[in-house]
Amino acid sequence: MIWGAGAALEEEAVVDPRSGAFANRDLAQYLVPLHAGIPDVDAVILGRYDDKANVLGAKGVGEPGLCGAGAAVANAVFNATGMRVRDFPITIEKVLSGLPPVDVWLCEIGGGWRFAGPQAA
C-alpha cells in the first residue's frame with residue numbers, strides 16, 4: 001500500500017525522449033515516501049492454503065496492495081478537488097492547472113486578513 005501511495009504522489013521516472021535514457025539516474029532525484037509521511041498500516045495475512053492460486057498455493061504479498069492504493073489516492077484527489085489527474089505522480093501543479101480561475105482576494109477586515117470576493121462566501 002505504501003508503494004502505491006508513493007507511486008501516486010512522489011515517484012517519477014523521468015526519461016529523456018531523445019535517447020530513451022533515464023534522466024533521474026539515482027535515488028537522490030527519485031522521491032519515495034518516508035516513514036514519517038505514511039500513516040499506520042494494518043496488513044492482514046490470510047493464513048490458509050489456497051489451491052486455486054497456483055500449484056503451490058502461494059500468494060503474492062507485494063503487488064496486490066500496489067494496484068488499489070494509487071487509484072484510491074487519485075480518486076480522493078478527484079473527490080476533494082473535482083480535478084481528475086490521469087498520470088502519476090499527482091502534483092499540486094497538475095491539480096491546479098485543471099481548476100477554473102477563482103476571483104478571490106485577501107483584504108484586511110476587523111484586524112485580520114479574510115478572503116473576499118464572490119467565491120469567498
# chains A, B, ... in the order shown; residues from 1 in each chain; ligands from 1
$ residues_around --residues "A:Val73" --least-positions-apart "6" --cutoff "10 Å" --atoms "only C-alpha atoms" --output "list of chain:residue names"
A:Gly4, A:Ala5, A:Gly6, A:Ala7, A:Ala8, A:Leu9, A:Asn79, A:Ile90
$ write_last_selection --atoms "C-alpha atoms" --output "PDB file, in the first residue's frame"
ATOM      1  CA  GLY A   4       1.148   2.529  -4.293  1.00  0.00           C
ATOM      2  CA  ALA A   5       0.859   5.791  -2.336  1.00  0.00           C
ATOM      3  CA  GLY A   6       4.460   6.614  -3.242  1.00  0.00           C
ATOM      4  CA  ALA A   7       3.831   5.922  -6.915  1.00  0.00           C
ATOM      5  CA  ALA A   8       0.729   8.105  -6.863  1.00  0.00           C
ATOM      6  CA  LEU A   9       2.243  11.086  -5.059  1.00  0.00           C
ATOM      7  CA  ASN A  79     -13.406  13.843  -4.824  1.00  0.00           C
ATOM      8  CA  ILE A  90      -0.137  13.602  -8.723  1.00  0.00           C
TER       9      ILE A  90
END
$ closest_residue --among "A:Asp40, A:Tyr49, A:Glu12, A:Gly65" --to "A:Asn24" --atoms "only C-alpha atoms"
A:Glu12
$ select_by_dssp --residues "chain A" --states "strand (DSSP E)" --output "ChimeraX atom specification"
/A:105-109,112-116
$ residues_around --residues "A:Ala23" --least-positions-apart "6" --cutoff "12 Å" --atoms "only C-alpha atoms" --output "number ranges by chain"
A: 12-17, 29-30
$ write_last_selection --atoms "C-alpha atoms" --output "short mmCIF file (atom, residue, chain, number, x, y, z; two decimals), in the first residue's frame"
data_model
loop_
_atom_site.label_atom_id
_atom_site.label_comp_id
_atom_site.auth_asym_id
_atom_site.auth_seq_id
_atom_site.Cartn_x
_atom_site.Cartn_y
_atom_site.Cartn_z
CA GLU A 12 8.52 9.72 -11.21
CA ALA A 13 10.91 8.12 -13.63
CA VAL A 14 11.95 10.90 -16.00
CA VAL A 15 13.02 9.59 -19.42
CA ASP A 16 14.91 11.67 -21.98
CA PRO A 17 12.80 11.33 -25.15
CA GLN A 29 16.31 12.66 -7.53
CA TYR A 30 13.80 9.78 -7.24
#
$ closest_residue --among "A:Ile2, A:Ser19, A:Gly68, A:Glu10" --to "A:His35" --atoms "only C-alpha atoms"
A:Ile2
$ select_by_dssp --residues "stretch 5-110 of chain A" --states "alpha helix (DSSP H)" --output "ChimeraX atom specification"
/A:5-9,63-81,92-97
$ write_last_selection --atoms "N, CA and C atoms" --output "CSV table (one decimal), in the first residue's frame"
chain,number,residue,atom,x,y,z
A,5,ALA,N,1.0,4.4,-2.7
A,5,ALA,CA,0.9,5.8,-2.3
A,5,ALA,C,2.1,6.6,-2.8
A,6,GLY,N,3.2,6.0,-2.7
A,6,GLY,CA,4.5,6.6,-3.2
A,6,GLY,C,4.4,6.8,-4.7
A,7,ALA,N,3.9,5.8,-5.5
A,7,ALA,CA,3.8,5.9,-6.9
A,7,ALA,C,2.8,7.0,-7.3
A,8,ALA,N,1.8,7.1,-6.5
A,8,ALA,CA,0.7,8.1,-6.9
A,8,ALA,C,1.2,9.5,-6.6
A,9,LEU,N,2.0,9.7,-5.5
A,9,LEU,CA,2.2,11.1,-5.1
A,9,LEU,C,3.7,11.6,-5.3
A,63,GLU,N,2.6,-6.9,-4.7
A,63,GLU,CA,1.8,-6.2,-5.8
A,63,GLU,C,0.4,-6.0,-5.5
A,64,PRO,N,-0.4,-6.9,-4.8
A,64,PRO,CA,-1.8,-6.6,-4.6
A,64,PRO,C,-2.1,-5.3,-4.0
A,65,GLY,N,-1.3,-4.8,-3.0
A,65,GLY,CA,-1.6,-3.5,-2.4
A,65,GLY,C,-1.2,-2.4,-3.3
A,66,LEU,N,-0.4,-2.6,-4.2
A,66,LEU,CA,0.1,-1.5,-5.1
A,66,LEU,C,-1.1,-1.1,-6.1
A,67,CYS,N,-1.8,-2.0,-6.6
A,67,CYS,CA,-2.8,-1.8,-7.6
A,67,CYS,C,-3.9,-0.8,-7.1
A,68,GLY,N,-4.5,-1.1,-6.0
A,68,GLY,CA,-5.6,-0.2,-5.5
A,68,GLY,C,-5.2,1.1,-4.8
A,69,ALA,N,-4.0,1.1,-4.3
A,69,ALA,CA,-3.6,2.3,-3.5
A,69,ALA,C,-3.5,3.5,-4.4
A,70,GLY,N,-2.8,3.4,-5.5
A,70,GLY,CA,-2.7,4.6,-6.4
A,70,GLY,C,-4.0,5.1,-6.9
A,71,ALA,N,-4.9,4.1,-7.2
A,71,ALA,CA,-6.3,4.5,-7.7
A,71,ALA,C,-7.1,5.2,-6.6
A,72,ALA,N,-6.9,4.7,-5.3
A,72,ALA,CA,-7.6,5.3,-4.2
A,72,ALA,C,-7.1,6.7,-4.0
A,73,VAL,N,-5.8,7.0,-4.1
A,73,VAL,CA,-5.3,8.3,-3.9
A,73,VAL,C,-5.8,9.2,-5.0
A,74,ALA,N,-5.8,8.8,-6.2
A,74,ALA,CA,-6.3,9.6,-7.4
A,74,ALA,C,-7.8,9.9,-7.2
A,75,ASN,N,-8.6,8.9,-6.7
A,75,ASN,CA,-10.0,9.2,-6.5
A,75,ASN,C,-10.2,10.1,-5.4
A,76,ALA,N,-9.4,10.1,-4.3
A,76,ALA,CA,-9.5,11.0,-3.2
A,76,ALA,C,-9.2,12.4,-3.7
A,77,VAL,N,-8.2,12.6,-4.5
A,77,VAL,CA,-7.9,13.9,-5.1
A,77,VAL,C,-9.1,14.4,-5.9
A,78,PHE,N,-9.6,13.5,-6.7
A,78,PHE,CA,-10.8,13.9,-7.6
A,78,PHE,C,-12.0,14.3,-6.7
A,79,ASN,N,-12.3,13.5,-5.7
A,79,ASN,CA,-13.4,13.8,-4.8
A,79,ASN,C,-13.2,15.2,-4.1
A,80,ALA,N,-12.0,15.5,-3.7
A,80,ALA,CA,-11.7,16.7,-3.0
A,80,ALA,C,-11.7,18.0,-3.9
A,81,THR,N,-11.2,17.8,-5.1
A,81,THR,CA,-11.0,19.0,-6.0
A,81,THR,C,-11.9,19.0,-7.2
A,92,ILE,N,0.7,19.2,-7.1
A,92,ILE,CA,-0.2,20.3,-7.0
A,92,ILE,C,-0.3,21.1,-8.3
A,93,GLU,N,0.8,21.1,-9.1
A,93,GLU,CA,0.8,21.8,-10.4
A,93,GLU,C,-0.2,21.2,-11.3
A,94,LYS,N,-0.3,19.8,-11.3
A,94,LYS,CA,-1.2,19.2,-12.2
A,94,LYS,C,-2.7,19.4,-11.7
A,95,VAL,N,-2.9,19.4,-10.4
A,95,VAL,CA,-4.3,19.7,-9.9
A,95,VAL,C,-4.7,21.1,-10.2
A,96,LEU,N,-3.8,22.1,-9.9
A,96,LEU,CA,-4.1,23.5,-10.1
A,96,LEU,C,-4.3,23.9,-11.6
A,97,SER,N,-3.6,23.2,-12.5
A,97,SER,CA,-3.7,23.5,-13.9
A,97,SER,C,-5.1,23.2,-14.4
$ closest_residue --among "A:Asp50, A:Gly82, A:Asp87, A:Gly98" --to "A:Glu11" --atoms "only C-alpha atoms"
A:Asp87
$ atom_distance --atom1 "atom CA of A:Ile38" --atom2 "atom CA of A:Thr91"
17.0 Å
$ closest_residue --among "A:Val85, A:Leu27, A:Ala53, A:Ala43" --to "A:Met1" --atoms "only C-alpha atoms"
A:Ala43
$ decode --residues "stretch 58-108 of chain A" --atoms "N, CA and C atoms" --output "short mmCIF file (atom, residue, chain, number, x, y, z; two decimals), in the first residue's frame"
data_model
loop_
_atom_site.label_atom_id
_atom_site.label_comp_id
_atom_site.auth_asym_id
_atom_site.auth_seq_id
_atom_site.Cartn_x
_atom_site.Cartn_y
_atom_site.Cartn_z
N ALA A 58 0.79 -20.61 -3.41
CA ALA A 58 1.47 -19.38 -2.98
C ALA A 58 0.69 -18.15 -3.44
N LYS A 59 0.79 -17.10 -2.63
CA LYS A 59 0.12 -15.84 -2.96
C LYS A 59 1.15 -14.72 -2.93
N GLY A 60 0.99 -13.73 -3.81
CA GLY A 60 1.85 -12.56 -3.80
C GLY A 60 1.50 -11.66 -2.63
N VAL A 61 2.50 -10.99 -2.08
CA VAL A 61 2.22 -10.10 -0.96
C VAL A 61 2.60 -8.65 -1.26
N GLY A 62 3.33 -8.38 -2.34
CA GLY A 62 3.76 -7.02 -2.62
C GLY A 62 2.85 -6.29 -3.59
N GLU A 63 2.56 -6.89 -4.71
CA GLU A 63 1.85 -6.21 -5.76
C GLU A 63 0.36 -5.98 -5.50
N PRO A 64 -0.36 -6.85 -4.82
CA PRO A 64 -1.80 -6.60 -4.64
C PRO A 64 -2.12 -5.25 -3.99
N GLY A 65 -1.34 -4.83 -3.02
CA GLY A 65 -1.59 -3.54 -2.39
C GLY A 65 -1.24 -2.36 -3.28
N LEU A 66 -0.36 -2.57 -4.23
CA LEU A 66 0.06 -1.51 -5.15
C LEU A 66 -1.06 -1.10 -6.08
N CYS A 67 -1.80 -2.05 -6.56
CA CYS A 67 -2.82 -1.76 -7.59
C CYS A 67 -3.90 -0.80 -7.10
N GLY A 68 -4.46 -1.05 -5.96
CA GLY A 68 -5.57 -0.24 -5.49
C GLY A 68 -5.17 1.05 -4.82
N ALA A 69 -3.98 1.11 -4.26
CA ALA A 69 -3.58 2.29 -3.48
C ALA A 69 -3.47 3.54 -4.35
N GLY A 70 -2.83 3.44 -5.50
CA GLY A 70 -2.70 4.60 -6.38
C GLY A 70 -4.04 5.09 -6.88
N ALA A 71 -4.93 4.15 -7.23
CA ALA A 71 -6.27 4.52 -7.69
C ALA A 71 -7.06 5.18 -6.57
N ALA A 72 -6.90 4.69 -5.33
CA ALA A 72 -7.61 5.29 -4.20
C ALA A 72 -7.13 6.72 -3.95
N VAL A 73 -5.83 6.95 -4.06
CA VAL A 73 -5.30 8.31 -3.89
C VAL A 73 -5.83 9.22 -5.00
N ALA A 74 -5.81 8.75 -6.24
CA ALA A 74 -6.30 9.56 -7.36
C ALA A 74 -7.78 9.88 -7.20
N ASN A 75 -8.57 8.92 -6.74
CA ASN A 75 -9.99 9.17 -6.52
C ASN A 75 -10.22 10.13 -5.36
N ALA A 76 -9.40 10.07 -4.33
CA ALA A 76 -9.52 11.00 -3.22
C ALA A 76 -9.22 12.43 -3.68
N VAL A 77 -8.21 12.61 -4.52
CA VAL A 77 -7.91 13.93 -5.07
C VAL A 77 -9.07 14.42 -5.93
N PHE A 78 -9.64 13.54 -6.74
CA PHE A 78 -10.78 13.92 -7.58
C PHE A 78 -11.98 14.31 -6.72
N ASN A 79 -12.26 13.54 -5.69
CA ASN A 79 -13.41 13.84 -4.82
C ASN A 79 -13.21 15.16 -4.08
N ALA A 80 -11.97 15.49 -3.73
CA ALA A 80 -11.69 16.72 -2.99
C ALA A 80 -11.66 17.95 -3.88
N THR A 81 -11.23 17.79 -5.14
CA THR A 81 -11.00 18.96 -5.99
C THR A 81 -11.85 19.00 -7.25
N GLY A 82 -12.37 17.85 -7.66
CA GLY A 82 -13.08 17.78 -8.93
C GLY A 82 -12.15 17.67 -10.12
N MET A 83 -10.86 17.60 -9.89
CA MET A 83 -9.85 17.51 -10.95
C MET A 83 -9.34 16.08 -11.04
N ARG A 84 -9.50 15.47 -12.21
CA ARG A 84 -9.03 14.10 -12.41
C ARG A 84 -7.62 14.15 -13.00
N VAL A 85 -6.63 13.70 -12.23
CA VAL A 85 -5.24 13.63 -12.71
C VAL A 85 -5.02 12.20 -13.18
N ARG A 86 -4.61 12.03 -14.43
CA ARG A 86 -4.51 10.70 -15.02
C ARG A 86 -3.08 10.19 -15.18
N ASP A 87 -2.10 10.96 -14.74
CA ASP A 87 -0.72 10.46 -14.80
C ASP A 87 -0.02 10.74 -13.47
N PHE A 88 0.71 9.74 -13.03
CA PHE A 88 1.41 9.84 -11.75
C PHE A 88 2.79 10.43 -11.96
N PRO A 89 3.34 11.11 -11.01
CA PRO A 89 2.78 11.39 -9.70
C PRO A 89 1.78 12.54 -9.76
N ILE A 90 0.83 12.53 -8.84
CA ILE A 90 -0.14 13.60 -8.72
C ILE A 90 0.55 14.75 -7.99
N THR A 91 0.68 15.87 -8.66
CA THR A 91 1.35 17.03 -8.06
C THR A 91 0.38 18.20 -7.97
N ILE A 92 0.69 19.16 -7.13
CA ILE A 92 -0.16 20.32 -6.98
C ILE A 92 -0.26 21.10 -8.30
N GLU A 93 0.81 21.11 -9.08
CA GLU A 93 0.79 21.80 -10.37
C GLU A 93 -0.23 21.15 -11.32
N LYS A 94 -0.29 19.84 -11.32
CA LYS A 94 -1.25 19.15 -12.19
C LYS A 94 -2.68 19.40 -11.74
N VAL A 95 -2.91 19.44 -10.45
CA VAL A 95 -4.25 19.69 -9.94
C VAL A 95 -4.67 21.13 -10.23
N LEU A 96 -3.80 22.08 -9.90
CA LEU A 96 -4.14 23.49 -10.10
C LEU A 96 -4.34 23.86 -11.56
N SER A 97 -3.60 23.20 -12.46
CA SER A 97 -3.71 23.54 -13.88
C SER A 97 -5.08 23.21 -14.44
N GLY A 98 -5.80 22.31 -13.83
CA GLY A 98 -7.12 21.93 -14.33
C GLY A 98 -8.28 22.60 -13.62
N LEU A 99 -8.01 23.37 -12.59
CA LEU A 99 -9.08 24.04 -11.86
C LEU A 99 -9.43 25.37 -12.53
N PRO A 100 -10.70 25.77 -12.44
CA PRO A 100 -11.08 27.06 -13.04
C PRO A 100 -10.49 28.21 -12.23
N PRO A 101 -10.27 29.36 -12.87
CA PRO A 101 -9.75 30.51 -12.13
C PRO A 101 -10.78 30.98 -11.10
N VAL A 102 -10.29 31.48 -10.00
CA VAL A 102 -11.15 31.93 -8.92
C VAL A 102 -10.92 33.41 -8.69
N ASP A 103 -11.99 34.17 -8.60
CA ASP A 103 -11.90 35.60 -8.36
C ASP A 103 -11.99 35.85 -6.86
N VAL A 104 -10.90 35.60 -6.15
CA VAL A 104 -10.85 35.76 -4.69
C VAL A 104 -9.60 36.54 -4.36
N TRP A 105 -9.68 37.39 -3.40
CA TRP A 105 -8.52 38.15 -2.97
C TRP A 105 -8.56 38.29 -1.45
N LEU A 106 -7.45 38.64 -0.88
CA LEU A 106 -7.36 38.86 0.56
C LEU A 106 -7.51 40.34 0.86
N CYS A 107 -8.22 40.64 1.92
CA CYS A 107 -8.30 42.03 2.37
C CYS A 107 -8.34 42.04 3.90
N GLU A 108 -7.97 43.14 4.47
CA GLU A 108 -7.93 43.25 5.92
C GLU A 108 -9.29 43.71 6.41
#
